[in-house]
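Source file: model-v5.txt. Holds: compact mmCIF, C-alpha atoms.
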```txt
# COMPACT_ATOMS: atom_id res chain seq x y z
CA MET A 1 -9.51 24.75 5.82
CA SER A 2 -10.26 23.27 9.23
CA ILE A 3 -11.03 19.57 9.34
CA GLN A 4 -14.47 18.49 10.55
CA TYR A 5 -16.14 15.12 10.20
CA PRO A 6 -19.75 14.16 9.45
CA GLU A 7 -22.24 13.79 12.27
CA PHE A 8 -23.46 10.51 10.75
CA MET A 9 -20.02 8.85 10.62
CA ARG A 10 -21.22 5.39 11.69
CA ASP A 11 -20.50 1.85 10.56
CA ASP A 12 -23.81 1.68 8.68
CA HIS A 13 -22.92 4.61 6.40
CA LEU A 14 -21.03 4.15 3.14
CA TYR A 15 -19.47 7.00 1.16
CA VAL A 16 -19.09 6.56 -2.60
CA PHE A 17 -17.08 9.04 -4.68
CA ASP A 18 -16.56 9.63 -8.37
CA VAL A 19 -12.92 10.65 -8.99
CA ASP A 20 -12.43 12.88 -12.05
CA GLY A 21 -14.03 16.26 -11.37
CA THR A 22 -15.18 15.18 -7.90
CA LEU A 23 -11.97 14.39 -6.01
CA THR A 24 -9.52 15.78 -8.57
CA PRO A 25 -9.38 18.40 -11.32
CA SER A 26 -10.22 16.74 -14.62
CA ARG A 27 -7.37 14.40 -15.66
CA GLN A 28 -5.06 15.95 -13.04
CA LYS A 29 -3.64 14.94 -9.68
CA MET A 30 -5.49 15.42 -6.43
CA ASP A 31 -4.78 18.62 -4.52
CA GLU A 32 -2.29 17.72 -1.76
CA ALA A 33 -4.11 19.53 1.06
CA PHE A 34 -7.43 17.96 0.07
CA LYS A 35 -5.73 14.58 -0.21
CA ARG A 36 -4.53 14.81 3.40
CA PHE A 37 -8.04 15.69 4.54
CA PHE A 38 -9.65 12.98 2.43
CA SER A 39 -7.15 10.32 3.53
CA ARG A 40 -8.11 10.96 7.14
CA PHE A 41 -11.78 10.82 6.16
CA ALA A 42 -11.25 7.51 4.34
CA SER A 43 -9.35 6.02 7.27
CA ARG A 44 -12.34 6.73 9.56
CA ASN A 45 -15.15 5.72 7.20
CA PHE A 46 -16.16 3.10 4.67
CA VAL A 47 -15.22 4.65 1.32
CA TYR A 48 -15.70 3.34 -2.22
CA LEU A 49 -14.42 5.01 -5.41
CA VAL A 50 -16.23 4.59 -8.74
CA THR A 51 -14.70 5.99 -11.92
CA GLY A 52 -14.70 5.53 -15.66
CA SER A 53 -10.89 5.50 -15.63
CA ASP A 54 -8.70 2.41 -15.31
CA LYS A 55 -6.57 1.56 -12.29
CA ASP A 56 -3.33 3.11 -13.56
CA LYS A 57 -4.96 6.46 -14.42
CA THR A 58 -6.82 6.52 -11.11
CA MET A 59 -3.61 5.95 -9.17
CA GLU A 60 -1.91 8.71 -11.17
CA GLN A 61 -4.59 11.07 -9.90
CA VAL A 62 -5.17 10.03 -6.29
CA GLY A 63 -1.93 8.15 -5.57
CA ALA A 64 -1.34 4.48 -4.80
CA ASP A 65 -1.66 5.17 -1.06
CA LEU A 66 -5.18 6.61 -1.22
CA TYR A 67 -6.19 4.04 -3.84
CA GLY A 68 -5.24 1.27 -1.41
CA LEU A 69 -6.94 3.04 1.49
CA ALA A 70 -10.36 2.87 -0.17
CA ASP A 71 -12.35 -0.20 0.86
CA ARG A 72 -13.23 -0.89 -2.78
CA VAL A 73 -12.50 0.77 -6.13
CA TYR A 74 -14.76 0.34 -9.16
CA ASN A 75 -12.66 1.17 -12.20
CA CYS A 76 -13.98 1.33 -15.76
CA SER A 77 -17.50 2.18 -14.48
CA GLY A 78 -17.58 -0.96 -12.34
CA ASN A 79 -16.26 -3.34 -14.98
CA HIS A 80 -12.91 -3.78 -13.17
CA VAL A 81 -13.09 -4.00 -9.39
CA PHE A 82 -10.39 -3.93 -6.71
CA GLU A 83 -10.30 -4.31 -2.96
CA GLY A 84 -7.10 -2.62 -1.92
CA HIS A 85 -4.85 -3.57 -4.83
CA ASN A 86 -6.38 -7.03 -5.22
CA GLU A 87 -8.48 -7.62 -8.32
CA VAL A 88 -11.90 -9.12 -7.52
CA TYR A 89 -13.67 -8.79 -10.89
CA ARG A 90 -12.97 -7.95 -14.52
CA SER A 91 -15.16 -7.86 -17.63
CA ASN A 92 -13.91 -9.22 -20.96
CA TRP A 93 -16.12 -6.97 -23.18
CA ARG A 94 -14.47 -4.95 -25.94
CA LEU A 95 -15.92 -2.28 -28.24
CA PRO A 96 -17.11 -4.01 -31.43
CA TRP A 97 -15.29 -3.23 -34.67
CA ASP A 98 -18.32 -1.70 -36.42
CA ALA A 99 -19.02 0.63 -33.48
CA GLU A 100 -15.42 1.82 -33.49
CA GLU A 101 -15.55 2.46 -37.24
CA TRP A 102 -18.74 4.50 -36.79
CA LEU A 103 -17.03 6.64 -34.15
CA LYS A 104 -14.05 7.17 -36.46
CA GLU A 105 -16.46 8.61 -39.02
CA LYS A 106 -17.82 11.02 -36.42
CA LEU A 107 -14.26 11.98 -35.56
CA ASP A 108 -13.56 12.83 -39.18
CA GLN A 109 -16.81 14.80 -39.43
CA SER A 110 -16.23 16.87 -36.29
CA MET A 111 -15.79 20.59 -36.95
CA PHE A 112 -13.48 21.00 -33.96
CA HIS A 113 -10.11 22.07 -35.37
CA ILE A 114 -7.76 20.35 -32.89
CA LYS A 115 -7.33 16.57 -33.00
CA THR A 116 -4.32 15.28 -31.06
CA GLY A 117 -4.51 11.49 -31.45
CA ALA A 118 -5.27 8.69 -28.96
CA HIS A 119 -8.98 9.15 -29.57
CA PHE A 120 -9.84 5.66 -28.29
CA ASP A 121 -8.84 4.45 -24.85
CA HIS A 122 -9.76 0.77 -24.67
CA ARG A 123 -10.24 -0.14 -21.03
CA ILE A 124 -11.37 -3.32 -19.32
CA GLY A 125 -15.07 -3.73 -20.06
CA CYS A 126 -15.46 -0.29 -21.64
CA CYS A 127 -13.95 2.30 -23.96
CA ASN A 128 -13.46 6.06 -23.75
CA PHE A 129 -13.80 8.05 -26.96
CA SER A 130 -12.59 11.63 -27.33
CA VAL A 131 -12.76 13.91 -30.39
CA ILE A 132 -9.84 16.08 -29.25
CA GLY A 133 -7.82 13.04 -28.14
CA ARG A 134 -5.99 12.17 -24.95
CA ASN A 135 -2.72 13.72 -26.18
CA CYS A 136 -4.15 17.23 -25.86
CA LYS A 137 -2.51 19.90 -23.74
CA LEU A 138 -4.45 21.65 -20.99
CA TYR A 139 -5.15 24.79 -23.04
CA GLU A 140 -6.39 22.61 -25.94
CA ARG A 141 -8.67 20.73 -23.55
CA LYS A 142 -10.14 24.04 -22.40
CA GLU A 143 -10.78 25.00 -26.02
CA TYR A 144 -12.74 21.79 -26.56
CA VAL A 145 -14.73 22.29 -23.37
CA LYS A 146 -15.84 25.72 -24.65
CA TYR A 147 -16.67 24.25 -28.07
CA ASP A 148 -18.65 21.35 -26.62
CA ASN A 149 -20.58 23.55 -24.20
CA ILE A 150 -21.81 25.59 -27.17
CA ASN A 151 -22.26 22.83 -29.76
CA LYS A 152 -23.21 19.88 -27.50
CA GLU A 153 -21.14 17.62 -29.72
CA ARG A 154 -20.76 14.84 -27.17
CA GLU A 155 -24.50 14.80 -26.46
CA ARG A 156 -25.24 14.50 -30.17
CA ILE A 157 -22.69 11.75 -30.80
CA ALA A 158 -23.92 9.79 -27.75
CA ARG A 159 -27.55 10.06 -28.88
CA GLU A 160 -26.80 9.02 -32.46
CA PHE A 161 -24.51 6.22 -31.29
CA GLU A 162 -27.21 4.67 -29.08
CA GLU A 163 -29.71 4.90 -31.94
CA LYS A 164 -27.26 3.01 -34.16
CA PHE A 165 -26.10 0.54 -31.49
CA PRO A 166 -28.97 0.15 -28.99
CA GLU A 167 -27.21 -2.66 -27.12
CA ILE A 168 -24.37 -0.29 -26.16
CA GLU A 169 -24.44 2.83 -23.97
CA ALA A 170 -22.52 6.08 -24.51
CA VAL A 171 -22.49 8.63 -21.69
CA ILE A 172 -20.63 11.89 -21.10
CA GLY A 173 -17.56 11.35 -18.94
CA GLY A 174 -15.02 13.91 -17.76
CA GLU A 175 -14.57 17.13 -19.73
CA THR A 176 -13.91 15.82 -23.24
CA GLY A 177 -14.87 12.15 -23.56
CA LEU A 178 -17.64 9.61 -23.89
CA ASP A 179 -17.65 6.45 -21.78
CA ILE A 180 -18.92 3.48 -23.80
CA PHE A 181 -19.93 0.05 -22.46
CA PRO A 182 -22.60 -2.67 -22.84
CA ARG A 183 -26.08 -1.50 -21.91
CA GLY A 184 -26.54 -1.68 -18.16
CA LYS A 185 -22.82 -1.97 -17.43
CA ASN A 186 -22.56 1.65 -16.33
CA LYS A 187 -21.82 2.93 -12.82
CA GLY A 188 -25.35 2.01 -11.79
CA GLN A 189 -24.41 -1.66 -11.86
CA ILE A 190 -22.58 -1.36 -8.53
CA ILE A 191 -25.83 -0.73 -6.66
CA GLU A 192 -26.06 -4.43 -5.87
CA ASP A 193 -22.87 -4.12 -3.80
CA LEU A 194 -24.14 -1.15 -1.79
CA ASP A 195 -26.03 -3.21 0.80
CA TRP A 196 -25.77 -0.59 3.53
CA HIS A 197 -28.24 1.28 5.71
CA SER A 198 -27.23 4.62 4.20
CA VAL A 199 -25.27 5.39 1.05
CA HIS A 200 -23.85 8.84 0.25
CA PHE A 201 -22.71 9.38 -3.36
CA PHE A 202 -20.69 12.36 -4.62
CA GLY A 203 -20.36 13.03 -8.36
CA ASP A 204 -20.02 15.86 -10.87
CA LYS A 205 -21.89 14.32 -13.83
CA MET A 206 -25.31 13.53 -12.37
CA GLU A 207 -27.31 15.34 -15.04
CA GLU A 208 -29.18 13.26 -17.60
CA GLY A 209 -26.61 11.73 -19.95
CA GLY A 210 -23.76 12.10 -17.44
CA ASN A 211 -21.83 9.04 -16.36
CA ASP A 212 -22.76 9.50 -12.67
CA ALA A 213 -26.50 9.64 -13.42
CA PRO A 214 -27.21 5.87 -13.55
CA LEU A 215 -25.87 5.36 -10.02
CA SER A 216 -27.27 8.65 -8.71
CA ASN A 217 -30.77 7.77 -9.93
CA ARG A 218 -30.69 4.34 -8.31
CA ILE A 219 -29.40 5.67 -4.99
CA ASP A 220 -32.06 8.41 -4.96
CA ASN A 221 -34.69 5.67 -5.05
CA ARG A 222 -33.41 4.10 -1.83
CA PRO A 223 -35.03 4.98 1.53
CA PHE A 224 -31.70 6.15 2.92
CA GLY A 225 -29.82 7.23 -0.19
CA TYR A 226 -28.14 10.63 -0.46
CA THR A 227 -26.58 12.15 -3.58
CA TYR A 228 -24.42 15.27 -3.83
CA ALA A 229 -24.03 16.87 -7.26
CA VAL A 230 -20.75 18.74 -6.95
CA LYS A 231 -19.17 21.37 -9.17
CA ASP A 232 -15.58 20.28 -8.53
CA TRP A 233 -13.27 18.80 -5.85
CA LYS A 234 -13.41 22.03 -3.86
CA HIS A 235 -17.18 21.69 -3.63
CA THR A 236 -16.75 18.10 -2.40
CA TRP A 237 -14.35 19.30 0.28
CA GLU A 238 -16.75 22.07 1.29
CA ILE A 239 -19.59 19.59 1.74
CA LEU A 240 -17.50 17.17 3.77
CA GLU A 241 -16.26 19.98 5.97
CA GLY A 242 -19.82 21.15 6.50
CA PHE A 243 -20.66 18.00 8.41
CA THR A 244 -20.14 18.22 12.18
CA TYR A 245 -20.28 15.83 15.08
CA THR A 246 -23.47 15.77 17.14
```
Using the file provided, produce a representation of the structure as C-alpha cells.
Amino acid sequence: MSIQYPEFMRDDHLYVFDVDGTLTPSRQKMDEAFKRFFSRFASRNFVYLVTGSDKDKTMEQVGADLYGLADRVYNCSGNHVFEGHNEVYRSNWRLPWDAEEWLKEKLDQSMFHIKTGAHFDHRIGCCNFSVIGRNCKLYERKEYVKYDNINKERERIAREFEEKFPEIEAVIGGETGLDIFPRGKNKGQIIEDLDWHSVHFFGDKMEEGGNDAPLSNRIDNRPFGYTYAVKDWKHTWEILEGFTYT
C-alpha cells in the first residue's frame, strides 16, 4: 500500500482509535506493515488510543514503541490512563462479589462446549468476562464467535446482567468477551478530555451494545465529530490511506 496522509491533518484535529479489531486482529499483534504506516501517522498527528484491555495486553499487541508514541492511552475503557508510559489516572473499582458469582452461574449454564479457564480478567476499574475463557486457542475462539453470532449469548448475558445489577454496565468487547464496569465508566467517559475542534474516532464495535458505542454516540453529537465504524484493521488502513493532501 502507498502511504498518503489526511487532507485535514492540522493541530486542531485529534484522532482516537480503538485497538482490538481496529488496529490489530482480535487479541493478536499489529500487522508490521500497518504498524510502520500507523507509526508515521501518529508521529505527524495527535493520536489517542482507547481500549478495554490493560496496558500490558495493549503493548503486547501494538508494541511498547507505538504505545509510547500515542499522546494518550486510555486503558480499561478509560479507567487507567497513560501519557507516554506515565500513569495519570487509575480507578480503584472492582467487580463486586455477588456480580461475579452471578456470572459464574451463567458460565455453568452456557451450552457452549469449550471452556478453557481464565474466564475473569480483573483489570483496573473494570473486568472482562468470557465464557470460552482467555486460555482458548485461535481455532476455539473462532468456534465461539460462530456460536455467539447464532445464539447471541453475550447480548443475552449483558442484558440480564444489567437488569440484575443496574448500577453496573456490561458491553460486548472484542470477539468473545464482555467488558464490565460501573455505570457511566465506559469509553464514553473520555469525551471530557477531547476538547478539540475536530475529533475522529475509529472503532469496530459501534453498534448498540458494543463497547465503542458510548464514545461514538457522544462524538456524533458534536458539531465537528467524525466516527468511522470499521470492519477490521485493514479497513482502518484503507480509510487512512484514502485521505489526501489538499
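The closest residue to A:Tyr15, picked from A:Pro223, A:Gly203, A:Gly133, A:Gly52 and counting only C-alpha atoms, is A:Gly203.
Among the candidate residues A:Lys115, A:Lys164, A:Lys187, A:Arg90, the one lying nearest to A:Lys205 is A:Lys187, with distances computed using all atoms listed in the file.
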Do you know which residues are at most 6 Å from stretch 38-50 of chain A counting only C-alpha atoms, after dropping those on the same chain fewer than 4 positions away, and could you put them as a list in words?
Leu14, Tyr15, Val16, Phe17, Asp18, Phe34, Ala70, Asp71, Arg72, Val73 and Tyr74 of chain A
If you take all atoms listed in the file and a cut-off of 8 Å, which residues of stretch 95-162 of chain A touch stretch 79-87 of chain A, and what are their nearest atom pairs and distances in Å to one decimal, in chain and number order, as a Markdown table?
```
| residue | atom | partner | partner_atom | distance |
| --- | --- | --- | --- | --- |
| A:Ile124 | CA | A:His80 | CA | 6.4 |
| A:Gly125 | CA | A:Asn79 | CA | 5.2 |
| A:Cys126 | CA | A:Asn79 | CA | 7.4 |
```
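Atom pair atom CA of A:Thr227 / atom CA of A:Phe201: separated by 4.8 Å.
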Atom pair atom CA of A:Leu240 + atom CA of A:Leu215, distance 20.0 Å
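Atom CA of A:Ala99 is positioned 27.5 Å from atom CA of A:Gly21.
Minimum distance to A:Thr22 across A:Leu194, A:Val171, A:Leu138, A:Val62 (counting all atoms listed in the file) occurs at A:Val62.
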